[in-house]
file coords19.tsv (TSV, C-alpha atoms and all ligand atoms)
chain	number	residue	atom	x	y	z
A	1	MET	CA	168.56	283.10	128.33
A	2	ASN	CA	170.58	280.98	130.76
A	3	ILE	CA	173.96	280.49	129.13
A	4	LEU	CA	176.95	278.35	130.02
A	5	VAL	CA	180.21	279.93	128.85
A	6	THR	CA	183.16	277.53	128.87
A	7	GLY	CA	186.47	279.38	129.12
A	8	GLY	CA	184.63	282.49	130.26
A	9	ALA	CA	187.58	283.55	132.42
A	10	GLY	CA	189.84	283.79	129.36
A	11	TYR	CA	190.47	286.72	127.05
A	12	ILE	CA	187.70	286.46	124.47
A	13	GLY	CA	185.38	284.52	126.77
A	14	SER	CA	185.44	287.21	129.46
A	15	HIS	CA	184.59	289.97	126.99
A	16	THR	CA	181.71	287.88	125.70
A	17	VAL	CA	180.48	287.24	129.24
A	18	ARG	CA	180.33	291.01	129.70
A	19	ALA	CA	178.35	291.44	126.47
A	20	LEU	CA	175.92	288.68	127.49
A	21	ILE	CA	175.34	290.20	130.91
A	22	ALA	CA	174.76	293.61	129.29
A	23	GLY	CA	172.16	291.87	127.10
A	24	GLU	CA	170.41	290.64	130.28
A	25	HIS	CA	171.38	287.02	129.84
A	26	ARG	CA	172.22	284.95	132.91
A	27	VAL	CA	175.75	283.59	132.63
A	28	ILE	CA	177.42	280.61	134.27
A	29	VAL	CA	181.14	280.36	133.52
A	30	LEU	CA	182.87	276.97	133.49
A	31	ASP	CA	186.62	277.42	133.47
A	32	ASN	CA	189.45	275.23	134.75
A	33	LEU	CA	191.54	278.40	135.30
A	34	SER	CA	194.56	276.81	133.60
A	35	ARG	CA	194.89	280.00	131.55
A	36	GLY	CA	191.92	282.08	132.70
A	37	HIS	CA	191.64	284.64	135.50
A	38	THR	CA	188.99	284.74	138.20
A	39	ALA	CA	188.77	288.53	138.01
A	40	ALA	CA	188.02	288.38	134.28
A	41	ALA	CA	184.74	286.53	134.85
A	42	ARG	CA	183.24	288.96	137.32
A	43	GLY	CA	179.50	289.41	137.07
A	44	ALA	CA	178.97	285.73	136.23
A	45	LEU	CA	178.78	282.70	138.48
A	46	LEU	CA	182.21	281.06	138.09
A	47	VAL	CA	182.46	277.28	138.42
A	48	ARG	CA	185.96	275.86	138.37
A	49	GLY	CA	185.95	272.70	136.29
A	50	ASP	CA	186.47	271.05	132.98
A	51	THR	CA	184.24	270.12	130.06
A	52	SER	CA	185.54	266.56	130.35
A	53	ASP	CA	183.61	266.34	133.63
A	54	THR	CA	180.32	265.20	132.14
A	55	GLY	CA	178.75	264.73	135.57
A	56	LEU	CA	179.44	268.38	136.37
A	57	LEU	CA	178.08	269.46	132.99
A	58	ALA	CA	174.87	267.49	133.51
A	59	GLU	CA	174.47	269.04	136.95
A	60	LEU	CA	175.07	272.60	135.68
A	61	PHE	CA	172.71	272.16	132.72
A	62	LYS	CA	169.96	270.97	135.03
A	63	LYS	CA	170.51	273.24	138.02
A	64	HIS	CA	170.76	276.43	135.96
A	65	LYS	CA	168.27	275.45	133.23
A	66	ILE	CA	170.95	276.10	130.60
A	67	GLU	CA	169.51	276.93	127.18
A	68	ALA	CA	172.72	277.58	125.23
A	69	VAL	CA	176.47	277.09	125.43
A	70	MET	CA	179.28	279.32	124.22
A	71	HIS	CA	182.43	277.24	123.99
A	72	PHE	CA	185.74	279.08	124.36
A	73	ALA	CA	187.67	276.66	126.58
A	74	ALA	CA	190.54	275.42	124.43
A	75	SER	CA	194.27	275.57	123.87
A	76	SER	CA	195.05	278.27	121.33
A	77	GLN	CA	198.72	278.70	120.52
A	78	VAL	CA	199.90	277.65	117.09
A	79	GLY	CA	203.55	277.04	118.01
A	80	GLU	CA	202.71	275.08	121.15
A	81	SER	CA	200.25	272.95	119.16
A	82	VAL	CA	203.00	271.91	116.74
A	83	ARG	CA	205.26	270.92	119.65
A	84	GLU	CA	202.51	269.26	121.75
A	85	PRO	CA	199.73	267.98	119.46
A	86	SER	CA	198.59	265.49	122.07
A	87	GLY	CA	197.51	268.23	124.48
A	88	TYR	CA	195.66	269.98	121.67
A	89	TYR	CA	193.75	266.87	120.59
A	90	HIS	CA	192.82	266.16	124.20
A	91	ASN	CA	191.81	269.69	125.16
A	92	ASN	CA	190.18	270.78	121.95
A	93	VAL	CA	188.74	267.57	120.49
A	94	VAL	CA	188.27	265.03	123.30
A	95	LYS	CA	186.97	267.58	125.81
A	96	GLY	CA	184.98	269.32	123.08
A	97	LEU	CA	183.25	266.06	122.19
A	98	ALA	CA	182.45	265.48	125.86
A	99	LEU	CA	180.69	268.86	125.82
A	100	LEU	CA	178.72	268.06	122.66
A	101	ASP	CA	177.65	264.71	124.12
A	102	ALA	CA	176.55	266.30	127.37
A	103	MET	CA	174.55	268.93	125.46
A	104	VAL	CA	172.80	266.26	123.39
A	105	GLN	CA	172.15	264.20	126.51
A	106	ALA	CA	170.61	267.16	128.35
A	107	GLY	CA	168.80	268.54	125.29
A	108	VAL	CA	170.65	271.89	125.27
A	109	PRO	CA	169.92	273.08	121.74
A	110	TYR	CA	172.32	275.94	120.86
A	111	LEU	CA	176.09	276.18	120.66
A	112	VAL	CA	178.26	279.14	119.65
A	113	PHE	CA	181.77	277.90	118.93
A	114	SER	CA	185.04	279.78	119.12
A	115	SER	CA	186.84	278.79	115.91
A	116	THR	CA	189.75	280.27	114.03
A	117	ALA	CA	191.10	281.38	110.68
A	118	ALA	CA	193.80	278.75	111.27
A	119	VAL	CA	191.33	276.20	109.85
A	120	TYR	CA	192.11	277.57	106.36
A	121	GLY	CA	195.89	277.09	106.40
A	122	GLU	CA	197.94	278.83	103.73
A	123	PRO	CA	195.47	281.03	101.83
A	124	GLU	CA	194.98	280.47	98.12
A	125	GLU	CA	193.44	283.92	97.87
A	126	VAL	CA	192.69	286.89	100.13
A	127	PRO	CA	190.32	288.06	101.47
A	128	ILE	CA	189.49	284.55	102.68
A	129	SER	CA	185.83	283.61	102.38
A	130	GLU	CA	184.06	280.82	104.24
A	131	GLU	CA	184.18	278.76	101.02
A	132	HIS	CA	187.98	278.74	101.01
A	133	PRO	CA	189.39	275.18	101.33
A	134	THR	CA	190.17	274.14	104.91
A	135	LEU	CA	193.69	272.69	105.02
A	136	PRO	CA	195.11	273.62	108.42
A	137	THR	CA	198.90	273.72	108.69
A	138	ASN	CA	199.06	273.14	112.45
A	139	PRO	CA	197.29	271.04	115.13
A	140	TYR	CA	195.57	274.11	116.58
A	141	GLY	CA	193.66	274.72	113.34
A	142	ALA	CA	193.18	270.99	112.77
A	143	THR	CA	191.60	270.44	116.19
A	144	LYS	CA	189.22	273.38	115.80
A	145	LEU	CA	188.22	272.06	112.38
A	146	ALA	CA	187.71	268.57	113.83
A	147	LEU	CA	185.20	269.88	116.36
A	148	GLU	CA	183.42	271.94	113.68
A	149	SER	CA	183.08	268.77	111.67
A	150	ALA	CA	181.68	266.87	114.66
A	151	MET	CA	179.20	269.69	115.25
A	152	ARG	CA	177.86	269.30	111.70
A	153	TRP	CA	177.27	265.57	112.11
A	154	TYR	CA	175.80	266.04	115.58
A	155	GLY	CA	173.52	268.64	114.04
A	156	ASP	CA	172.27	266.20	111.40
A	157	ALA	CA	171.85	263.29	113.78
A	158	TYR	CA	170.80	264.91	117.06
A	159	GLY	CA	169.46	268.32	116.08
A	160	LEU	CA	172.23	270.33	117.76
A	161	ARG	CA	172.19	273.87	116.34
A	162	PHE	CA	175.55	275.66	116.15
A	163	THR	CA	177.25	278.80	114.90
A	164	SER	CA	180.99	278.57	114.42
A	165	LEU	CA	182.88	281.88	114.40
A	166	ARG	CA	186.26	281.77	112.69
A	167	TYR	CA	188.25	284.62	114.23
A	168	PHE	CA	191.14	286.34	112.57
A	169	ASN	CA	193.44	288.27	114.99
A	170	ALA	CA	191.57	289.13	118.19
A	171	ALA	CA	193.00	292.25	119.83
A	172	GLY	CA	192.16	295.21	122.08
A	173	ALA	CA	190.33	295.31	125.38
A	174	ASP	CA	187.06	296.54	126.79
A	175	PRO	CA	187.28	300.37	126.89
A	176	ALA	CA	186.36	300.20	130.60
A	177	GLY	CA	189.99	299.11	131.05
A	178	ASP	CA	189.36	296.44	133.70
A	179	ILE	CA	189.55	293.29	131.55
A	180	GLY	CA	192.05	292.60	128.82
A	181	GLU	CA	194.59	290.28	127.26
A	182	ASP	CA	196.91	288.46	129.69
A	183	HIS	CA	198.48	285.24	128.46
A	184	THR	CA	201.38	283.39	130.04
A	185	PRO	CA	203.54	283.18	128.08
A	186	GLU	CA	202.42	286.08	125.89
A	187	THR	CA	202.92	285.35	122.21
A	188	HIS	CA	200.63	287.88	120.51
A	189	LEU	CA	201.91	290.90	118.68
A	190	ILE	CA	199.88	293.77	120.17
A	191	PRO	CA	200.36	292.91	123.88
A	192	LEU	CA	204.06	292.25	123.25
A	193	VAL	CA	204.50	295.61	121.50
A	194	LEU	CA	202.70	297.36	124.36
A	195	GLN	CA	204.88	295.60	126.92
A	196	VAL	CA	207.88	297.09	125.14
A	197	ALA	CA	206.21	300.53	125.26
A	198	LEU	CA	205.61	300.02	128.98
A	199	GLY	CA	209.26	299.19	129.54
A	200	ASN	CA	208.49	295.59	130.55
A	201	ARG	CA	210.41	294.16	127.58
A	202	PRO	CA	213.57	295.46	125.94
A	203	HIS	CA	212.46	295.05	122.33
A	204	LEU	CA	210.01	293.39	119.95
A	205	GLU	CA	211.36	290.73	117.65
A	206	VAL	CA	209.82	291.00	114.20
A	207	PHE	CA	209.42	287.51	112.81
A	208	GLY	CA	210.59	287.84	109.22
A	209	SER	CA	211.12	290.87	107.00
A	210	ASP	CA	211.31	289.15	103.62
A	211	TYR	CA	207.65	288.26	103.08
A	212	PRO	CA	206.06	289.19	99.74
A	213	THR	CA	204.20	292.13	101.34
A	214	PRO	CA	204.69	295.91	100.86
A	215	ASP	CA	207.11	296.26	103.80
A	216	GLY	CA	208.28	292.63	104.01
A	217	THR	CA	206.47	291.85	107.28
A	218	CYS	CA	203.34	289.71	107.74
A	219	VAL	CA	199.92	291.24	107.24
A	220	ARG	CA	197.04	290.35	109.57
A	221	ASP	CA	193.42	291.35	110.08
A	222	TYR	CA	193.04	292.64	113.66
A	223	ILE	CA	189.55	292.58	115.11
A	224	HIS	CA	188.49	294.15	118.40
A	225	VAL	CA	187.55	291.66	121.11
A	226	ASN	CA	184.29	293.53	121.84
A	227	ASP	CA	183.30	293.21	118.19
A	228	LEU	CA	183.95	289.47	118.47
A	229	ALA	CA	181.88	289.36	121.65
A	230	ALA	CA	178.99	291.18	119.96
A	231	ALA	CA	179.05	288.64	117.12
A	232	HIS	CA	178.57	285.80	119.62
A	233	VAL	CA	175.50	287.46	121.08
A	234	LEU	CA	174.06	288.12	117.61
A	235	ALA	CA	174.72	284.51	116.56
A	236	LEU	CA	172.87	283.19	119.59
A	237	ASP	CA	169.92	285.54	119.12
A	238	LYS	CA	169.68	284.49	115.48
A	239	MET	CA	169.67	280.77	116.30
A	240	ALA	CA	167.13	281.28	119.07
A	241	SER	CA	164.86	282.95	116.53
A	242	GLY	CA	165.11	279.97	114.18
A	243	ALA	CA	168.28	280.36	112.09
A	244	ARG	CA	170.00	277.19	110.92
A	245	SER	CA	173.56	276.20	111.85
A	246	ASN	CA	176.22	278.30	110.17
A	247	ILE	CA	179.88	279.23	109.93
A	248	TYR	CA	181.14	282.83	109.73
A	249	ASN	CA	184.49	284.55	109.41
A	250	LEU	CA	185.14	287.41	111.78
A	251	GLY	CA	187.61	290.09	110.80
A	252	ASN	CA	187.56	293.71	109.66
A	253	GLY	CA	188.62	292.96	106.09
A	254	SER	CA	191.69	295.23	106.35
A	255	GLY	CA	195.22	293.98	106.75
A	256	TYR	CA	198.03	295.65	108.70
A	257	SER	CA	201.68	294.67	108.63
A	258	VAL	CA	203.72	294.02	111.76
A	259	LEU	CA	205.55	297.32	111.15
A	260	GLU	CA	202.24	299.19	110.78
A	261	VAL	CA	201.08	297.77	114.13
A	262	ILE	CA	204.33	298.91	115.77
A	263	LYS	CA	203.95	302.39	114.27
A	264	ALA	CA	200.34	302.62	115.50
A	265	ALA	CA	201.49	301.56	118.98
A	266	GLU	CA	204.21	304.23	118.99
A	267	GLU	CA	201.63	306.84	118.01
A	268	VAL	CA	199.04	305.72	120.58
A	269	THR	CA	201.48	305.36	123.47
A	270	ALA	CA	203.84	308.21	122.50
A	271	LYS	CA	206.69	305.82	123.40
A	272	PRO	CA	209.35	304.35	121.13
A	273	VAL	CA	209.18	300.60	120.45
A	274	LYS	CA	212.61	299.10	119.84
A	275	VAL	CA	212.60	296.45	117.15
A	276	LYS	CA	214.94	293.59	116.27
A	277	TYR	CA	214.54	291.63	113.09
A	278	GLY	CA	214.52	287.86	113.45
A	279	ALA	CA	213.73	284.79	111.41
A	280	ARG	CA	210.28	283.90	110.14
A	281	ARG	CA	208.09	282.03	112.64
A	282	PRO	CA	207.28	278.56	111.26
A	283	GLY	CA	203.73	278.27	110.00
A	284	ASP	CA	203.10	282.02	109.54
A	285	PRO	CA	201.40	282.78	106.22
A	286	ALA	CA	202.37	286.13	104.64
A	287	VAL	CA	198.85	287.59	104.54
A	288	LEU	CA	195.64	286.67	106.39
A	289	VAL	CA	192.67	288.93	105.77
A	290	ALA	CA	189.05	288.00	106.33
A	291	GLY	CA	186.16	288.24	103.98
A	292	SER	CA	183.43	288.98	106.56
A	293	GLN	CA	180.60	289.94	104.24
A	294	LYS	CA	178.58	286.86	105.15
A	295	ILE	CA	178.18	287.76	108.83
A	296	ARG	CA	177.45	291.39	107.92
A	297	ASP	CA	174.72	290.31	105.51
A	298	GLU	CA	173.18	287.49	107.52
A	299	LEU	CA	173.56	288.64	111.14
A	300	GLY	CA	173.79	292.40	110.59
A	301	TRP	CA	177.17	292.43	112.37
A	302	GLU	CA	179.10	295.70	112.10
A	303	PRO	CA	182.38	296.36	113.91
A	304	CYS	CA	182.32	299.30	116.34
A	305	PHE	CA	186.10	299.38	116.90
A	306	ALA	CA	187.38	298.78	113.38
A	307	GLY	CA	190.40	301.12	113.23
A	308	LEU	CA	193.83	299.83	114.21
A	309	HIS	CA	194.52	302.90	116.38
A	310	THR	CA	191.26	302.39	118.29
A	311	ILE	CA	192.08	298.73	118.85
A	312	VAL	CA	195.60	299.52	120.07
A	313	ASP	CA	194.31	302.39	122.22
A	314	THR	CA	191.90	300.15	124.13
A	315	ALA	CA	194.63	297.55	124.63
A	316	TRP	CA	196.95	300.29	125.88
A	317	ARG	CA	194.39	301.43	128.45
A	318	TRP	CA	194.29	297.88	129.86
A	319	HIS	CA	198.09	297.58	129.89
A	320	LEU	CA	198.56	300.96	131.58
A	321	GLY	CA	196.12	300.04	134.33
A	322	HIS	CA	197.48	296.47	134.66
A	323	PRO	CA	201.18	296.52	133.77
A	324	ALA	CA	201.60	293.04	135.29
A	325	GLY	CA	198.26	291.73	134.02
A	326	TYR	CA	195.70	290.19	136.34
A	327	GLU	CA	197.07	290.17	139.84
A	328	GLU	CA	196.00	286.73	140.95
A	329	ARG	CA	198.50	285.03	138.64
A	330	ASN	CA	201.13	284.76	141.39
A	331	GLU	CA	198.70	283.01	143.71
A	332	ARG	CA	198.17	280.08	141.35
B	1	LIG	N1	204.80	288.65	115.44
B	1	LIG	C1	206.09	289.18	115.47
B	1	LIG	N2	206.74	289.17	116.67
B	1	LIG	C2	206.20	288.69	117.81
B	1	LIG	C3	204.88	288.17	117.78
B	1	LIG	C4	204.21	288.17	116.56
B	1	LIG	O1	206.64	289.62	114.46
B	1	LIG	O2	206.87	288.71	118.86
B	1	LIG	C5	204.07	288.63	114.16
B	1	LIG	C6	203.67	287.23	113.71
B	1	LIG	O3	204.71	286.65	112.95
B	1	LIG	C7	202.43	287.51	112.89
B	1	LIG	C8	201.81	288.75	113.55
B	1	LIG	O4	202.86	289.32	114.34
B	1	LIG	O5	202.76	287.85	111.57
B	1	LIG	C9	200.64	288.42	114.46
B	1	LIG	O6	201.05	287.38	115.32
B	1	LIG	P1	200.16	286.90	116.56
B	1	LIG	O7	200.96	285.86	117.28
B	1	LIG	O8	199.71	288.10	117.33
B	1	LIG	O9	198.87	286.27	115.91
B	1	LIG	P2	198.70	285.08	114.83
B	1	LIG	O10	198.73	285.75	113.49
B	1	LIG	O11	199.79	284.09	115.04
B	1	LIG	O12	197.34	284.54	115.14
call {"tool": "encode", "arguments": {"input": "coords19.tsv", "output": "structure tokens", "more": "lines below"}}
Ligand code: UDP
result
Amino acid sequence: MNILVTGGAGYIGSHTVRALIAGEHRVIVLDNLSRGHTAAARGALLVRGDTSDTGLLAELFKKHKIEAVMHFAASSQVGESVREPSGYYHNNVVKGLALLDAMVQAGVPYLVFSSTAAVYGEPEEVPISEEHPTLPTNPYGATKLALESAMRWYGDAYGLRFTSLRYFNAAGADPAGDIGEDHTPETHLIPLVLQVALGNRPHLEVFGSDYPTPDGTCVRDYIHVNDLAAAHVLALDKMASGARSNIYNLGNGSGYSVLEVIKAAEEVTAKPVKVKYGARRPGDPAVLVAGSQKIRDELGWEPCFAGLHTIVDTAWRWHLGHPAGYEERNER
């Protein structure tokens, strides 16, 4: 199929672009490069632009005979969203709606949407199933939920077919080692821990050690970025063969504490990771673990990189080869 991938130069988008190309799809990436990296989108045609540019969208849909969209372009940091909700509503909701409208206008039928476990808020029970109430505790989760809600109504009224994938903690890198996680600023646990192992940071601050968990630190469900990418391709194939719109969680169903992640990183890298204990980070629930049975049953999704050591090992390969991340950052 001919597929437009918004945010295809970003972390999860670029891994999905690679999976699509491997599946013989033709990929056009639309990315404003505010956070993405040109080198990450190699293999696809990269168009620099924004989903708010409806004229550009109409032109791309027509020129490339686009049959489906995968929508990754969004702001995605919880803390930043609490400080700057306006930017999150504009980027994630207003620009997202512009994309939905352009798809309806052009008759592009399928959308795979990059959503998040942050739509659930503080869990009432774990593992979290798709039926869990959605009560986001920050604007990031709220804006992703808002677009999911719009997608449902657009589906009813205009026939748009969508699959929303609610990711837990995306991590790791393609084993090829040439694309990986590079955020500025970096806020995620695994890249930060590996930067300490590399000697690029003096220590890792553990946010809270008094949570009601076995070792007092937060527990998360880490899922390999290539397993996320594979789920996008499966979701599209399923819709193209007639499946109705749907929402799926994506995680491994196993939780690891911050200290367990640090230990795994020390084992994988054979380097010590110095730790300092700090305060809890506002908005962090103690435990987030996915119930992912639905996507296993309905799409036949199975993770290929489920173990924490495997996930950390692939991330480490990327960090070793790219200690300063993608090189074009300084040119922007
Ligand atoms: N974390 C930490 N120190 C850091 C960054 C993250 O202790 O410098 C913890 C964070 O509190 C959370 C877990 O690591 O419990 C995963 O955080 P991350 O930001 O990677 O993902 P999130 O769970 O926020 O999506």
call {"tool": "axis_aligned_box", "arguments": {"input": "coords19.tsv", "around": "ligand LIG 1 (chain B)", "padding_each_side": "8 Å", "output": "lines of an AutoDock Vina configuration file"}}
result
center_x = 202.1
center_y = 286.9
center_z = 115.2
size_x = 25.5
size_y = 21.5
size_z = 23.3
call {"tool": "closest_residue", "arguments": {"input": "coords19.tsv", "among": "A:Arg152, A:Gly43, A:Val119, A:Leu236", "to": "Pro136 (chain A)", "atoms": "all atoms listed in the file"}}
result
A:Val119
call {"tool": "residues_near_ligand", "arguments": {"input": "coords19.tsv", "ligand": "ligand LIG 1 (chain B)", "cutoff": "8 Å", "atoms": "all atoms listed in the file", "output": "PDB file with C-alpha atoms, keeping the file's coordinate frame"}}
result
ATOM      1  CA  GLN A  77     198.720 278.700 120.520  1.00  0.00           C
ATOM      2  CA  VAL A  78     199.900 277.650 117.090  1.00  0.00           C
ATOM      3  CA  ALA A 118     193.800 278.750 111.270  1.00  0.00           C
ATOM      4  CA  PHE A 168     191.140 286.340 112.570  1.00  0.00           C
ATOM      5  CA  ASN A 169     193.440 288.270 114.990  1.00  0.00           C
ATOM      6  CA  ALA A 170     191.570 289.130 118.190  1.00  0.00           C
ATOM      7  CA  THR A 187     202.920 285.350 122.210  1.00  0.00           C
ATOM      8  CA  HIS A 188     200.630 287.880 120.510  1.00  0.00           C
ATOM      9  CA  LEU A 189     201.910 290.900 118.680  1.00  0.00           C
ATOM     10  CA  ILE A 190     199.880 293.770 120.170  1.00  0.00           C
ATOM     11  CA  LEU A 192     204.060 292.250 123.250  1.00  0.00           C
ATOM     12  CA  VAL A 193     204.500 295.610 121.500  1.00  0.00           C
ATOM     13  CA  LEU A 204     210.010 293.390 119.950  1.00  0.00           C
ATOM     14  CA  GLU A 205     211.360 290.730 117.650  1.00  0.00           C
ATOM     15  CA  VAL A 206     209.820 291.000 114.200  1.00  0.00           C
ATOM     16  CA  PHE A 207     209.420 287.510 112.810  1.00  0.00           C
ATOM     17  CA  GLY A 208     210.590 287.840 109.220  1.00  0.00           C
ATOM     18  CA  THR A 217     206.470 291.850 107.280  1.00  0.00           C
ATOM     19  CA  CYS A 218     203.340 289.710 107.740  1.00  0.00           C
ATOM     20  CA  VAL A 219     199.920 291.240 107.240  1.00  0.00           C
ATOM     21  CA  ARG A 220     197.040 290.350 109.570  1.00  0.00           C
ATOM     22  CA  SER A 257     201.680 294.670 108.630  1.00  0.00           C
ATOM     23  CA  VAL A 258     203.720 294.020 111.760  1.00  0.00           C
ATOM     24  CA  ARG A 280     210.280 283.900 110.140  1.00  0.00           C
ATOM     25  CA  ARG A 281     208.090 282.030 112.640  1.00  0.00           C
ATOM     26  CA  ASP A 284     203.100 282.020 109.540  1.00  0.00           C
ATOM     27  CA  PRO A 285     201.400 282.780 106.220  1.00  0.00           C
ATOM     28  CA  ALA A 286     202.370 286.130 104.640  1.00  0.00           C
ATOM     29  CA  LEU A 288     195.640 286.670 106.390  1.00  0.00           C
TER      30      LEU A 288
END
call {"tool": "closest_residue", "arguments": {"input": "coords19.tsv", "among": "A:Ile223, A:Leu299, A:Leu45, A:Val82", "to": "Asp237 (chain A)", "atoms": "only C-alpha atoms"}}
result
A:Leu299
call {"tool": "closest_atom_pairs", "arguments": {"input": "coords19.tsv", "of": "region 227-315 of chain A", "to": "region 138-151 of chain A", "cutoff": "12 Å", "atoms": "all atoms listed in the file", "output": "tab-separated table"}}
result
residue	atom	partner	partner_atom	distance
A:Ser245	CA	A:Met151	CA	9.3
A:Asn246	CA	A:Glu148	CA	10.2
A:Ile247	CA	A:Glu148	CA	8.9
A:Tyr248	CA	A:Glu148	CA	11.8
A:Pro282	CA	A:Asn138	CA	9.9
A:Gly283	CA	A:Asn138	CA	7.4
A:Asp284	CA	A:Asn138	CA	10.2
A:Pro285	CA	A:Asn138	CA	11.7
call {"tool": "atom_distance", "arguments": {"input": "coords19.tsv", "atom1": "CA of Gly307 (chain A)", "atom2": "CA of Gly216 (chain A)"}}
result
21.8 Å
call {"tool": "atom_distance", "arguments": {"input": "coords19.tsv", "atom1": "CA of Pro212 (chain A)", "atom2": "CA of Val287 (chain A)"}}
result
8.8 Å
call {"tool": "atom_distance", "arguments": {"input": "coords19.tsv", "atom1": "CA of Ile295 (chain A)", "atom2": "CA of Asp221 (chain A)"}}
result
15.7 Å
call {"tool": "closest_residue", "arguments": {"input": "coords19.tsv", "among": "A:Val108, A:Ala102, A:Ala324, A:Val289", "to": "Pro123 (chain A)", "atoms": "all atoms listed in the file"}}
result
A:Val289
call {"tool": "residues_around", "arguments": {"input": "coords19.tsv", "residues": "Ser292 (chain A)", "least_positions_apart": "2", "cutoff": "12 Å", "atoms": "only C-alpha atoms", "output": "MDAnalysis selection string"}}
result
chainID A and resid 117 126:131 165:168 221 223 228 231 247:254 289:290 294:303
call {"tool": "residues_around", "arguments": {"input": "coords19.tsv", "residues": "Thr16 (chain A)", "least_positions_apart": "6", "cutoff": "10 Å", "atoms": "all atoms listed in the file", "output": "NGL selection string"}}
result
:A and (5 or 8-10 or 22 or 41 or 70 or 72 or 225-233)
call {"tool": "residues_around", "arguments": {"input": "coords19.tsv", "residues": "Lys274 (chain A)", "least_positions_apart": "5", "cutoff": "10 Å", "atoms": "all atoms listed in the file", "output": "list in words"}}
result
Val193, Val196, Ala197, Arg201, Pro202, His203, Leu204, Glu205, Ile262 and Glu266 of chain A
call {"tool": "closest_residue", "arguments": {"input": "coords19.tsv", "among": "A:Tyr11, A:His37, A:Leu194, A:Lys263", "to": "Glu327 (chain A)", "atoms": "all atoms listed in the file"}}
result
A:His37
call {"tool": "closest_residue", "arguments": {"input": "coords19.tsv", "among": "A:Gly121, A:Pro175, A:Gly49, A:Gly79", "to": "Thr137 (chain A)", "atoms": "all atoms listed in the file"}}
result
A:Gly121
